[in-house]
Amino acid sequence: MTEIEPENDFGDRRYTFCIAGTQKSGTSTLSAMLDKHRMIQRAPKKEMHYFDDEKRDWASGDFSDFTVPAKRPRPQLMGDATPLYLWWPQALERIRAYNPDMKIIAIFRDPIERLFSQWVMNVNRWPEVAPDWPEFLTRFAPDGLEDHIPEGANVDGYRMNSGVVRGYYGAQLERAIAVMGADQVHALEFRSFLGDYRNALDKITEFLGIHAFRTYPTSRTRCRASPPWWAPPPRPRTSPASWSATGRTSRSSRSSRGSTCPSGRCSA
């Protein structure tokens with residue numbers, strides 16, 4: 001039988017911008033709002049995790065599988081929202097190799113609030129293996145950003161322990177500017193974004209080189225967020241292969257979850 005060709009085949013397009021940082025800083029809300037723009041096509045999913053995939057052969061330079069089927073004949077921007085990229089070793093260098101003109105958007109939040117929100121997310125997802133708050137505060141706090149994942153480190157553990165180091169905002173911005181160029185990096189702050197999101201969106205569309213929103217998304221436009229910090233932990237998902245980079249995989253017991261938000265105003 002003859003295969004039926006798709007009615008509308010507008011080809012595949014490469015990604016042109018990414019929300020590369022930082023986790024628990026409103027990236028889901030920002031991504032959902034940008035997806036409402038007529039000149040932006042929604043990615044297949046939030047957080048594609050392409051450039052932090054350590055199973056790929058990065059030496060090959062083959063990026064042919066990282067495209068999006070176009071839904072319209074007119075040009076549209078394609079954006080990947082993976083907040084891990086700003087911190088993950090070699091992710092920005094891989095992005096530059098993929099598309100030297102890629103625009104990088106980074107949204108930052110008070111580092112303690114951000115860290116606490118990340119810990120809450122981990123506790124709700126993996127209540128039996130996630131570290132307690134005091135331990136999470138002191139885990140994996142290197143002197144600076146690392147250029148490569150340490151040899152022999154467990155990749156899952158390296159990712160899960162990255163609480164404190166993700167708050168090294170200055171070093172992350174310096175690296176992004178050094179790799180991509182200052183004119184290809186746009187930074188905004190979490191509370192300012194929520195307080196005046198229309199102004200923030202105007203600056204982002206100008207940065208991306210497209211017209212401003214004709215109809216702005218509402219402030220309720222957002223993806224599902226993590227449960228609030230006071231919510232009881234749900235049924236645990238499958239635990240990471242190893243929570244710690246040193247190989248520990250589980251805990252025999254857990255201490256009481258009596259910690260409160262350090263600032264008194266944190267949200268998940």
# chains A, B, ... in the order shown; residues from 1 in each chain; ligands from 1
$ residues_around --residues "Ala20 of chain A" --least-positions-apart "4" --cutoff "10 Å" --atoms "only C-alpha atoms" --output "PyMOL selection string"
chain A and resi 27+47+80-88+91-92+103-107+176+185
$ residues_around --residues "Pro217 of chain A" --least-positions-apart "6" --cutoff "9 Å" --atoms "only C-alpha atoms" --output "tab-separated table (two decimals) with N, CA, C and O atoms, in the first residue's frame"
chain	number	residue	atom	x	y	z
A	32	ALA	N	5.49	28.73	29.52
A	32	ALA	CA	4.09	28.65	29.14
A	32	ALA	C	3.60	29.95	28.53
A	32	ALA	O	2.81	29.96	27.58
A	33	MET	N	4.08	31.08	29.06
A	33	MET	CA	3.68	32.38	28.50
A	33	MET	C	4.25	32.58	27.10
A	33	MET	O	3.54	33.02	26.18
A	34	LEU	N	5.53	32.28	26.92
A	34	LEU	CA	6.14	32.46	25.61
A	34	LEU	C	5.48	31.56	24.56
A	34	LEU	O	5.42	31.92	23.38
A	36	LYS	N	2.55	31.13	24.11
A	36	LYS	CA	1.32	31.77	23.63
A	36	LYS	C	1.58	32.78	22.50
A	36	LYS	O	0.64	33.26	21.87
A	37	HIS	N	2.84	33.08	22.24
A	37	HIS	CA	3.17	34.05	21.20
A	37	HIS	C	3.01	33.42	19.82
A	37	HIS	O	3.39	32.27	19.59
A	198	ARG	N	4.26	41.63	31.96
A	198	ARG	CA	4.11	42.19	30.61
A	198	ARG	C	5.37	42.94	30.19
A	198	ARG	O	5.82	42.80	29.05
$ residues_around --residues "Ile204 of chain A" --least-positions-apart "5" --cutoff "9 Å" --atoms "only C-alpha atoms" --output "list of chain:residue names"
A:Ile105, A:His186, A:Asn199, A:Gly209, A:Ile210, A:Ala212
$ residues_around --residues "Phe136 of chain A" --least-positions-apart "4" --cutoff "10 Å" --atoms "only C-alpha atoms" --output "PyMOL selection string"
chain A and resi 115-116+118-119+130-132+140-141+161-164
$ select_by_dssp --residues "segment 91-199 of chain A" --states "helix (DSSP H, G or I)" --output "number ranges by chain"
A: 91-98, 111-125, 133-138, 155-160, 164-167, 169-180, 182-184, 190-195, 197-199
$ atom_distance --atom1 "atom CA of Phe190 of chain A" --atom2 "atom CA of Gln90 of chain A"
25.3 Å
$ closest_residue --among "A:Arg56, A:Arg109, A:Arg159, A:Arg96" --to "Gln184 of chain A" --atoms "only C-alpha atoms"
A:Arg96
$ atom_distance --atom1 "atom CA of Pro75 of chain A" --atom2 "atom CA of Phe10 of chain A"
10.0 Å
$ residues_around --residues "segment 13-16 of chain A" --least-positions-apart "4" --cutoff "7 Å" --atoms "only C-alpha atoms" --output "JSON, numbers by chain"
{"A": [66, 67, 68, 69, 70, 77, 78, 79, 80, 102, 103]}
$ select_by_dssp --residues "segment 127-190 of chain A" --states "strand (DSSP E)" --output "list of chain:residue names"
A:Val185, A:His186, A:Ala187, A:Leu188, A:Glu189
$ write_last_selection --atoms "C-alpha atoms" --output "PDB file, in the first residue's frame"
ATOM      1  CA  VAL A 185      22.191  36.327  26.902  1.00  0.00           C
ATOM      2  CA  HIS A 186      19.154  37.876  28.591  1.00  0.00           C
ATOM      3  CA  ALA A 187      18.694  37.758  32.367  1.00  0.00           C
ATOM      4  CA  LEU A 188      15.676  38.610  34.507  1.00  0.00           C
ATOM      5  CA  GLU A 189      14.733  38.308  38.162  1.00  0.00           C
TER       6      GLU A 189
END
$ closest_residue --among "A:Gly26, A:Cys18, A:Ala182, A:Val165" --to "Leu194 of chain A" --atoms "only C-alpha atoms"
A:Gly26
$ atom_distance --atom1 "atom CA of Ile95 of chain A" --atom2 "atom CA of Ile177 of chain A"
12.8 Å
$ closest_residue --among "A:Asn154, A:Phe51, A:Trp126, A:Phe108" --to "Leu30 of chain A" --atoms "only C-alpha atoms"
A:Phe108
$ closest_residue --among "A:Pro111, A:Leu145, A:Val123, A:Arg139" --to "Thr22 of chain A" --atoms "only C-alpha atoms"
A:Pro111
$ closest_residue --among "A:Thr205, A:Gln23, A:Ser219, A:Ser64" --to "Arg114 of chain A" --atoms "only C-alpha atoms"
A:Gln23
